[in-house]
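What's in query.txt: compact mmCIF, C-alpha atoms
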# COMPACT_ATOMS: atom_id res chain seq x y z
CA MET A 1 -16.77 25.12 96.50
CA ALA A 2 -19.85 23.67 94.80
CA ALA A 3 -20.47 19.91 95.02
CA LYS A 4 -18.09 17.99 92.69
CA ARG A 5 -19.59 16.21 89.68
CA LYS A 6 -18.79 12.57 89.14
CA THR A 7 -17.20 13.36 85.79
CA PRO A 8 -15.49 16.68 85.10
CA VAL A 9 -17.49 19.05 82.88
CA LYS A 10 -16.50 18.72 79.23
CA SER A 11 -17.13 21.83 77.18
CA ARG A 12 -20.19 21.46 74.96
CA ASN A 13 -18.69 23.92 72.49
CA PRO A 14 -15.57 22.44 70.93
CA ASP A 15 -12.97 24.84 69.47
CA LEU A 16 -12.70 25.09 65.72
CA ILE A 17 -9.52 27.03 66.20
CA ARG A 18 -8.39 28.75 69.35
CA GLY A 19 -10.90 31.43 70.26
CA VAL A 20 -13.65 30.31 67.86
CA GLY A 21 -16.27 27.79 68.97
CA LYS A 22 -18.20 25.46 66.72
CA TYR A 23 -21.65 26.57 67.86
CA SER A 24 -23.24 30.01 67.82
CA ARG A 25 -24.81 31.74 70.79
CA SER A 26 -28.33 30.63 69.90
CA LYS A 27 -27.23 27.04 69.29
CA MET A 28 -25.42 27.01 72.66
CA TYR A 29 -28.55 28.41 74.34
CA HIS A 30 -30.41 25.40 73.05
CA LYS A 31 -27.63 22.93 73.87
CA ARG A 32 -27.32 24.06 77.47
CA GLY A 33 -31.02 23.58 77.97
CA LEU A 34 -31.63 27.13 79.18
CA TRP A 35 -35.05 26.97 77.44
CA ALA A 36 -35.94 24.00 79.69
CA ILE A 37 -34.81 25.81 82.85
CA LYS A 38 -36.88 28.82 81.86
CA ALA A 39 -39.93 26.69 81.10
CA LYS A 40 -39.63 25.00 84.51
CA HIS A 41 -39.63 28.38 86.26
CA GLY A 42 -42.45 29.96 84.25
CA GLY A 43 -40.57 31.87 81.57
CA VAL A 44 -38.22 33.55 83.99
CA PHE A 45 -34.68 32.65 84.74
CA PRO A 46 -34.42 31.59 88.42
CA ARG A 47 -32.75 34.14 90.62
CA HIS A 48 -31.70 34.19 94.23
CA ALA A 49 -33.75 36.60 96.34
CA PRO A 50 -31.56 39.63 96.88
CA GLN A 51 -29.76 39.52 100.25
CA PRO A 52 -30.85 42.32 102.57
CA LYS A 53 -28.09 44.89 102.30
CA ALA A 54 -26.55 46.18 105.50
CA PRO A 55 -27.57 49.81 105.94
CA THR A 56 -24.67 52.03 104.85
CA ALA A 57 -24.00 55.19 106.82
CA ALA A 58 -24.98 58.38 105.05
CA GLU A 59 -21.86 59.75 103.33
CA LYS A 60 -21.11 63.41 103.90
CA PRO A 61 -19.77 65.33 100.92
CA PRO A 62 -16.02 65.96 101.41
CA LYS A 63 -14.95 69.35 102.75
CA PHE A 64 -11.93 69.60 100.51
CA TYR A 65 -11.49 68.85 96.83
CA PRO A 66 -7.84 68.93 95.60
CA ALA A 67 -7.18 71.46 92.84
CA ASP A 68 -5.62 68.95 90.42
CA ASP A 69 -6.63 65.39 89.87
CA VAL A 70 -3.93 63.25 91.44
CA LYS A 71 -3.51 59.71 90.17
CA LYS A 72 -3.76 57.07 92.85
CA PRO A 73 -0.95 54.51 92.68
CA LEU A 74 -2.06 51.02 91.77
CA LEU A 75 -2.76 48.65 94.63
CA ASN A 76 0.07 46.17 95.31
CA LYS A 77 -0.83 43.24 97.52
CA ARG A 78 2.36 41.22 96.93
CA LYS A 79 4.16 40.00 100.04
CA PRO A 80 7.89 39.29 99.92
CA LYS A 81 8.90 35.65 100.46
CA LEU A 82 11.37 34.67 103.15
CA THR A 83 14.94 34.77 101.82
CA LYS A 84 15.97 31.33 100.64
CA LEU A 85 18.49 29.90 103.07
CA ARG A 86 21.54 28.33 101.47
CA ALA A 87 21.49 24.54 101.80
CA SER A 88 24.85 24.60 103.56
CA ILE A 89 23.47 26.73 106.42
CA THR A 90 21.60 24.62 108.99
CA PRO A 91 21.05 25.32 112.71
CA GLY A 92 24.36 24.77 114.47
CA THR A 93 26.59 25.51 111.50
CA VAL A 94 29.77 27.45 112.17
CA LEU A 95 29.77 30.55 109.97
CA ILE A 96 32.61 32.94 109.14
CA LEU A 97 31.53 36.59 109.24
CA LEU A 98 32.97 38.53 106.33
CA ALA A 99 32.17 42.15 107.12
CA GLY A 100 31.45 44.48 109.95
CA ARG A 101 32.85 44.82 113.42
CA PHE A 102 33.28 41.07 113.84
CA MET A 103 34.90 40.47 110.47
CA GLY A 104 36.66 37.10 110.39
CA LYS A 105 35.04 35.76 113.53
CA ARG A 106 33.72 32.24 113.55
CA VAL A 107 30.18 32.12 114.95
CA VAL A 108 27.42 29.60 115.52
CA PHE A 109 24.24 29.94 113.45
CA LEU A 110 21.02 29.63 115.47
CA LYS A 111 18.05 30.26 113.21
CA GLN A 112 16.68 32.37 110.38
CA LEU A 113 14.47 35.27 111.52
CA PRO A 114 11.24 36.25 109.74
CA SER A 115 13.01 39.17 108.08
CA GLY A 116 15.39 36.76 106.37
CA LEU A 117 18.42 37.67 108.49
CA LEU A 118 20.35 34.99 110.32
CA LEU A 119 20.40 34.90 114.13
CA VAL A 120 23.92 34.21 115.26
CA THR A 121 25.85 34.02 118.53
CA GLY A 122 29.62 33.84 119.35
CA PRO A 123 29.04 32.37 121.94
CA PHE A 124 29.79 35.62 123.74
CA LYS A 125 32.11 34.08 126.32
CA ILE A 126 34.25 32.50 123.62
CA ASN A 127 34.72 35.20 121.04
CA GLY A 128 32.78 38.30 122.11
CA VAL A 129 30.07 38.08 119.45
CA PRO A 130 26.66 38.59 121.13
CA LEU A 131 23.27 37.46 119.88
CA ARG A 132 23.26 39.28 116.58
CA ARG A 133 21.56 39.45 113.23
CA VAL A 134 23.64 38.91 110.12
CA ASN A 135 22.87 38.88 106.42
CA GLN A 136 23.34 35.62 104.60
CA SER A 137 25.41 37.29 101.87
CA TYR A 138 28.13 38.35 104.28
CA VAL A 139 28.82 34.92 105.59
CA ILE A 140 30.78 31.83 104.60
CA ALA A 141 29.22 28.60 105.80
CA THR A 142 31.72 25.97 106.95
CA SER A 143 30.85 22.32 107.14
CA THR A 144 31.50 22.21 110.91
CA LYS A 145 28.31 21.76 112.93
CA VAL A 146 27.66 22.30 116.63
CA ASP A 147 24.95 20.48 118.52
CA ILE A 148 22.24 23.08 119.13
CA SER A 149 19.43 20.94 120.51
CA GLY A 150 19.47 22.29 124.06
CA VAL A 151 18.71 25.88 123.12
CA ASN A 152 15.29 27.55 123.20
CA LEU A 153 15.10 30.23 120.51
CA ASP A 154 11.38 31.01 120.54
CA LYS A 155 11.62 34.47 122.05
CA PHE A 156 14.02 35.87 119.45
CA ASP A 157 12.60 37.65 116.45
CA ASP A 158 13.22 40.94 114.66
CA LYS A 159 11.30 43.00 117.21
CA TYR A 160 13.78 41.88 119.90
CA PHE A 161 16.54 43.65 117.99
CA ALA A 162 14.66 46.87 117.24
CA LYS A 163 16.30 50.08 118.36
CA GLU A 164 14.90 51.58 121.54
CA VAL A 165 12.90 54.72 120.80
CA GLU A 166 14.17 57.63 122.90
CA LYS A 167 11.61 59.85 124.48
CA LYS A 168 12.08 63.40 123.28
CA LYS A 169 13.01 65.67 126.16
CA LYS A 170 12.34 69.34 125.99
CA LYS A 171 15.81 70.85 126.12
CA GLY A 172 16.32 73.79 128.39
CA GLU A 173 19.52 75.77 128.30
CA GLY A 174 21.20 73.98 131.16
CA GLU A 175 20.27 70.56 129.82
CA PHE A 176 22.28 70.97 126.63
CA PHE A 177 25.46 70.16 128.51
CA GLU A 178 24.00 67.37 130.57
CA ALA A 179 22.67 65.54 127.52
CA GLU A 180 26.25 64.97 126.36
CA LYS A 181 27.00 62.96 129.47
CA GLU A 182 25.15 59.76 128.63
CA ASP A 183 27.02 58.78 125.45
CA LYS A 184 27.00 54.99 125.95
CA LYS A 185 23.69 53.29 126.57
CA LYS A 186 23.95 50.39 128.96
CA LEU A 187 22.76 47.01 127.77
CA PRO A 188 19.61 46.03 129.68
CA GLU A 189 20.04 43.18 132.12
CA ASP A 190 17.44 40.94 130.53
CA LYS A 191 19.38 40.89 127.26
CA LYS A 192 22.46 39.81 129.15
CA GLU A 193 20.43 37.05 130.78
CA ASP A 194 19.15 35.91 127.39
CA GLN A 195 22.70 35.73 126.10
CA LYS A 196 23.80 33.64 129.07
CA ALA A 197 20.83 31.29 128.71
CA VAL A 198 21.49 30.65 125.03
CA ASP A 199 25.22 30.24 125.49
CA ALA A 200 25.06 27.88 128.47
CA SER A 201 24.10 24.73 126.59
CA LEU A 202 26.03 25.80 123.50
CA ILE A 203 29.30 26.10 125.39
CA LYS A 204 28.76 22.67 126.89
CA SER A 205 28.41 21.03 123.51
CA ILE A 206 31.34 23.05 122.16
CA GLU A 207 33.64 21.91 124.94
CA GLY A 208 32.76 18.33 124.06
CA VAL A 209 34.67 18.63 120.78
CA PRO A 210 38.45 18.99 121.13
CA ASP A 211 39.93 22.28 119.82
CA LEU A 212 36.50 23.64 118.82
CA LYS A 213 36.59 26.31 121.53
CA ALA A 214 39.96 27.60 120.37
CA TYR A 215 38.71 27.42 116.79
CA LEU A 216 35.74 29.65 117.55
CA ALA A 217 37.92 32.04 119.51
CA ALA A 218 40.34 32.54 116.60
CA ARG A 219 39.65 34.80 113.64
CA PHE A 220 39.77 33.60 110.05
CA SER A 221 42.17 35.22 107.64
CA LEU A 222 43.58 34.42 104.24
CA LYS A 223 47.23 33.47 104.46
CA SER A 224 49.83 33.31 101.75
CA GLY A 225 49.07 30.60 99.23
CA MET A 226 45.42 30.15 100.19
CA LYS A 227 43.21 30.34 97.15
CA PRO A 228 39.57 30.92 98.21
CA HIS A 229 38.16 29.31 95.09
CA GLU A 230 40.13 26.15 95.80
CA LEU A 231 39.51 25.99 99.53
CA ALA A 232 36.92 23.63 100.92
CA PHE A 233 35.10 25.21 103.84
CA MET B 1 69.75 8.08 79.55
CA PRO B 2 67.63 5.29 78.08
CA PHE B 3 63.91 5.10 78.52
CA LYS B 4 62.75 2.89 81.37
CA ARG B 5 58.95 2.98 81.05
CA TYR B 6 57.67 1.73 77.72
CA VAL B 7 54.25 1.80 76.16
CA GLU B 8 53.26 -1.87 76.10
CA ILE B 9 50.14 -3.88 76.56
CA GLY B 10 49.60 -4.08 80.27
CA ARG B 11 51.36 -0.81 81.16
CA VAL B 12 49.47 1.06 83.87
CA ALA B 13 49.23 4.79 83.23
CA LEU B 14 47.82 7.80 85.01
CA VAL B 15 45.40 10.04 83.14
CA ASN B 16 46.58 13.62 83.47
CA TYR B 17 44.01 15.52 81.38
CA GLY B 18 40.33 15.36 80.66
CA LYS B 19 37.23 13.75 82.07
CA ASP B 20 39.07 10.84 83.73
CA TYR B 21 41.75 13.03 85.30
CA GLY B 22 43.63 11.24 88.07
CA LYS B 23 42.52 7.74 87.22
CA LEU B 24 44.78 4.74 86.79
CA VAL B 25 44.20 3.01 83.45
CA VAL B 26 45.77 0.06 81.67
CA ILE B 27 47.03 0.29 78.09
CA VAL B 28 45.21 -2.53 76.39
CA ASP B 29 46.14 -1.93 72.73
CA VAL B 30 47.90 0.65 70.58
CA VAL B 31 45.78 2.33 67.89
CA ASP B 32 48.48 4.25 66.06
CA GLN B 33 51.49 6.41 66.75
CA ASN B 34 49.57 8.78 68.99
CA ARG B 35 46.73 6.87 70.53
CA ALA B 36 46.21 3.88 72.73
CA LEU B 37 43.19 1.81 73.63
CA VAL B 38 42.83 2.16 77.33
CA ASP B 39 40.71 0.39 79.95
CA ALA B 40 40.03 0.47 83.66
CA PRO B 41 37.68 -1.48 85.92
CA ASP B 42 35.32 1.45 86.38
CA MET B 43 35.50 2.91 82.89
CA VAL B 44 34.25 2.11 79.42
CA ARG B 45 37.17 0.99 77.25
CA GLY B 46 38.17 3.80 74.90
CA GLN B 47 40.98 5.44 73.00
CA MET B 48 43.19 8.10 74.53
CA ASN B 49 46.05 10.16 73.17
CA PHE B 50 49.41 9.35 74.73
CA LYS B 51 49.76 13.00 75.62
CA ARG B 52 46.94 12.50 78.11
CA LEU B 53 48.75 9.67 79.84
CA THR B 54 51.71 9.51 82.16
CA LEU B 55 53.28 6.05 82.32
CA THR B 56 53.90 4.45 85.69
CA ASP B 57 56.28 1.71 86.73
CA ILE B 58 53.53 -0.86 87.07
CA THR B 59 52.74 -3.43 84.38
CA ILE B 60 50.30 -6.30 84.45
CA ASP B 61 50.19 -9.48 82.42
CA ILE B 62 47.26 -9.40 80.02
CA PRO B 63 46.59 -10.55 76.46
CA ARG B 64 45.82 -7.89 73.84
CA VAL B 65 42.36 -6.33 74.48
CA PRO B 66 41.20 -8.63 77.28
CA LYS B 67 37.61 -8.99 78.45
CA LYS B 68 36.70 -6.76 81.36
CA LYS B 69 36.56 -9.74 83.69
CA THR B 70 40.03 -10.88 82.68
CA LEU B 71 41.37 -7.39 83.10
CA ILE B 72 39.96 -7.09 86.60
CA GLU B 73 41.36 -10.49 87.58
CA ALA B 74 44.78 -9.57 86.25
CA MET B 75 44.75 -6.30 88.16
CA GLU B 76 43.81 -8.10 91.34
CA LYS B 77 46.52 -10.71 90.83
CA ASP B 78 49.24 -8.12 90.33
CA ASP B 79 47.87 -5.99 93.16
CA VAL B 80 47.98 -2.79 91.15
CA LYS B 81 46.06 -0.81 93.75
CA THR B 82 48.33 -1.59 96.71
CA LYS B 83 51.47 -1.21 94.61
CA TRP B 84 50.27 2.22 93.52
CA GLU B 85 49.27 3.36 96.98
CA ASN B 86 52.61 2.28 98.43
CA SER B 87 54.69 3.94 95.74
CA SER B 88 55.96 7.41 96.61
CA TRP B 89 54.14 8.91 93.61
CA GLY B 90 50.85 7.35 94.66
CA ARG B 91 51.32 8.44 98.27
CA LYS B 92 51.99 12.02 97.17
CA LEU B 93 48.76 12.11 95.21
CA ILE B 94 46.81 10.79 98.16
CA VAL B 95 48.28 13.48 100.41
CA GLN B 96 47.49 16.18 97.84
CA LYS B 97 43.88 15.04 97.66
CA ARG B 98 43.61 14.98 101.44
CA ARG B 99 45.06 18.48 101.78
CA ALA B 100 42.65 19.87 99.18
CA SER B 101 39.64 18.40 100.95
CA LEU B 102 40.51 19.86 104.35
CA ASN B 103 37.74 21.65 106.20
CA ASP B 104 38.33 25.10 107.74
CA PHE B 105 38.28 23.40 111.16
CA ASP B 106 40.73 20.77 109.91
CA ARG B 107 43.10 23.47 108.74
CA PHE B 108 42.93 25.04 112.19
CA LYS B 109 43.70 21.72 113.88
CA LEU B 110 46.58 21.21 111.45
CA MET B 111 47.99 24.60 112.37
CA LEU B 112 47.86 23.71 116.08
CA ALA B 113 49.58 20.40 115.40
CA LYS B 114 52.33 22.08 113.39
CA ILE B 115 52.96 24.61 116.15
CA LYS B 116 53.12 21.83 118.72
CA ARG B 117 55.58 19.81 116.66
CA ALA B 118 57.76 22.84 116.04
CA GLY B 119 57.78 23.52 119.75
CA VAL B 120 58.96 20.02 120.57
CA VAL B 121 61.68 20.20 117.92
CA ARG B 122 62.88 23.55 119.21
CA GLN B 123 63.06 22.21 122.76
CA GLU B 124 65.22 19.29 121.66
CA LEU B 125 67.44 21.64 119.68
CA ALA B 126 67.86 23.90 122.69
CA LYS B 127 68.74 20.90 124.81
CA LEU B 128 71.34 19.69 122.33
CA LYS B 129 72.82 23.16 122.00
CA LYS B 130 73.14 23.40 125.75
CA GLU B 131 74.87 20.03 125.95
CA ASN B 132 77.24 21.00 123.19
CA SER B 133 78.17 24.37 124.56
CA SER B 134 78.74 23.16 128.10
Written as structure tokens, how would this file's structure read?
Amino acid sequence: MAAKRKTPVKSRNPDLIRGVGKYSRSKMYHKRGLWAIKAKHGGVFPRHAPQPKAPTAAEKPPKFYPADDVKKPLLNKRKPKLTKLRASITPGTVLILLAGRFMGKRVVFLKQLPSGLLLVTGPFKINGVPLRRVNQSYVIATSTKVDISGVNLDKFDDKYFAKEVEKKKKKGEGEFFEAEKEDKKKLPEDKKEDQKAVDASLIKSIEGVPDLKAYLAARFSLKSGMKPHELAF
Amino acid sequence: MPFKRYVEIGRVALVNYGKDYGKLVVIVDVVDQNRALVDAPDMVRGQMNFKRLTLTDITIDIPRVPKKKTLIEAMEKDDVKTKWENSSWGRKLIVQKRRASLNDFDRFKLMLAKIKRAGVVRQELAKLKKENSS
């Protein structure tokens, strides 16, 4: 930025009404003192010497011109913002999953990933929910919190959960039948180790609170007489 | 069946409708057939329809339309708060409020406690049955 003036610049051309200034172009030329600047520089307006342009490579004419003119879509440089996390969801909150394979399970919230999804763990030993991503909309946040300070979550992000890309094998005739054999992919050992590492300190803090372990092991369900809009979670 | 709780100056009533729902107020004056002037230590004195009030057994000794300070002193002297909280009606309301504010974890702990109590009761019953039958 240019050097700041001591007083902010006040417009020399006050508005008569919005869009119409009081002084004409020639009057403003005089007011701004452009005649004095020109006189100082010998009748010419001072210009910067043109910067030497980097030599551009010679462009070859394109080999192919499309038959019809195709409109290019407009450039969009907007980046999506991280999903706003509900105020009731803080690291260590116990969440109730509302949909999917683990519907009704009570899980511990770890952190929000850069994609906006919530990183969540059972812990696995307690209720069988592994390190998993979950959408905020499919979750009820309870007011129960677990102490999560002993856990290192730096290595978990969305790339950790990406599906493994299978290498395409050229299928011969005999291999058609053998490909059916491996239906279940085994979970790699390092993911199991990560799960154990995260759960170790969590389980310790969970066992410090009476009944919390059994609470996390049980599933949530609506019983007779429970009105969700009147329940406090 | 005569009436036992009368509208009088000093009658403590429970608000059962509106902005001050659940509060204990004192009837401080009667405006007309339907409305009373009503006051409480934490409320601006104002009129309320009798239909919004449920009379309680508690009365306090106050002159008509007392100053706030006098009202508070009279309520302290007659111990309205403790009388209310020890009455069965007051205790029921407190339990209702507590049940409504239960956490999901609290409800789980309550369920465990209920199961435990039922287990103990059933054991005693089985013991008594055995003694009786033998």
Point (23.2, 37.8, 102.8), cut-off 10 Å, counting all atoms listed in the file, residues as number ranges by chain: A: 83-86, 116-118, 134-140
Keeping only C-alpha atoms, write the selected residues to a file as a PDB file, in the coordinates of the input.
ATOM      1  CA  THR A  83      14.940  34.770 101.820  1.00  0.00           C
ATOM      2  CA  LYS A  84      15.970  31.330 100.640  1.00  0.00           C
ATOM      3  CA  LEU A  85      18.490  29.900 103.070  1.00  0.00           C
ATOM      4  CA  ARG A  86      21.540  28.330 101.470  1.00  0.00           C
ATOM      5  CA  GLY A 116      15.390  36.760 106.370  1.00  0.00           C
ATOM      6  CA  LEU A 117      18.420  37.670 108.490  1.00  0.00           C
ATOM      7  CA  LEU A 118      20.350  34.990 110.320  1.00  0.00           C
ATOM      8  CA  VAL A 134      23.640  38.910 110.120  1.00  0.00           C
ATOM      9  CA  ASN A 135      22.870  38.880 106.420  1.00  0.00           C
ATOM     10  CA  GLN A 136      23.340  35.620 104.600  1.00  0.00           C
ATOM     11  CA  SER A 137      25.410  37.290 101.870  1.00  0.00           C
ATOM     12  CA  TYR A 138      28.130  38.350 104.280  1.00  0.00           C
ATOM     13  CA  VAL A 139      28.820  34.920 105.590  1.00  0.00           C
ATOM     14  CA  ILE A 140      30.780  31.830 104.600  1.00  0.00           C
TER      15      ILE A 140
END
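Residues of chain A having any atom within 10 Å of chain B, counting all atoms listed in the file, are Val94, Ile96, Ala141, Thr142, Ser143, Thr144, Pro210, Asp211, Leu212, Ala214, Tyr215, Leu216, Ala218, Phe220, Glu230, Leu231, Ala232 and Phe233 of chain A.
Take CA of Ala36 (chain B) and CA of Met48 (chain B): the distance between them is 5.5 Å.
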Between CA of Ile60 (chain B) and CA of Gln33 (chain B), distance in Å (one decimal):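 For CA of Ile60 (chain B) relative to CA of Gln33 (chain B), the distance reads 21.8 Å.
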Selection: 12 Å around Glu73 (chain B), only C-alpha atoms, excl. self and same-chain fewer than 6 positions, as a list of chain:residue names: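 That gives B:Ala40, B:Pro41, B:Ile60, B:Asp61, B:Ile62, B:Pro66, B:Lys67, B:Asp79, B:Val80.
Interatomic distance, CA of Met103 (chain A) against CA of Gly128 (chain A): 12.0 Å.
Using only C-alpha atoms, the nearest neighbour of Val108 (chain A) within the list A:Arg132, A:Lys38, A:Lys79, A:Lys192 is A:Arg132.
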Residues within 9 Å of Gly92 (chain A), all atoms listed in the file, excluding chain neighbours under 5 positions, as number ranges by chain: A: 108-111, 144-149
Write the residues you've just listed into a file as an mmCIF file, in the frame of the given file, and include C-alpha atoms for each of them.
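The file below, part37.cif, is the result:
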data_model
loop_
_atom_site.group_PDB
_atom_site.id
_atom_site.type_symbol
_atom_site.label_atom_id
_atom_site.label_comp_id
_atom_site.auth_asym_id
_atom_site.auth_seq_id
_atom_site.Cartn_x
_atom_site.Cartn_y
_atom_site.Cartn_z
ATOM 1 C CA VAL A 108 27.420 29.600 115.520
ATOM 2 C CA PHE A 109 24.240 29.940 113.450
ATOM 3 C CA LEU A 110 21.020 29.630 115.470
ATOM 4 C CA LYS A 111 18.050 30.260 113.210
ATOM 5 C CA THR A 144 31.500 22.210 110.910
ATOM 6 C CA LYS A 145 28.310 21.760 112.930
ATOM 7 C CA VAL A 146 27.660 22.300 116.630
ATOM 8 C CA ASP A 147 24.950 20.480 118.520
ATOM 9 C CA ILE A 148 22.240 23.080 119.130
ATOM 10 C CA SER A 149 19.430 20.940 120.510
#
All residues 9 Å or closer to Asp57 (chain B), all atoms listed in the file, same chain fewer than 6 positions away omitted, as a VMD selection string: chain B and resid 4 to 5 11 to 13
Nearest residue to Ile203 (chain A) from the set A:Phe124, A:Tyr23, A:Phe156, A:Phe45 (distances using only C-alpha atoms):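 Using only C-alpha atoms, Ile203 (chain A) sits closest to A:Phe124.
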Spatial neighbours of region 28-30 of chain B, max dist 8 Å, only C-alpha atoms, sep filter under 4 positions, as a VMD selection string: chain B and resid 8 to 11 35 to 39 64 to 66
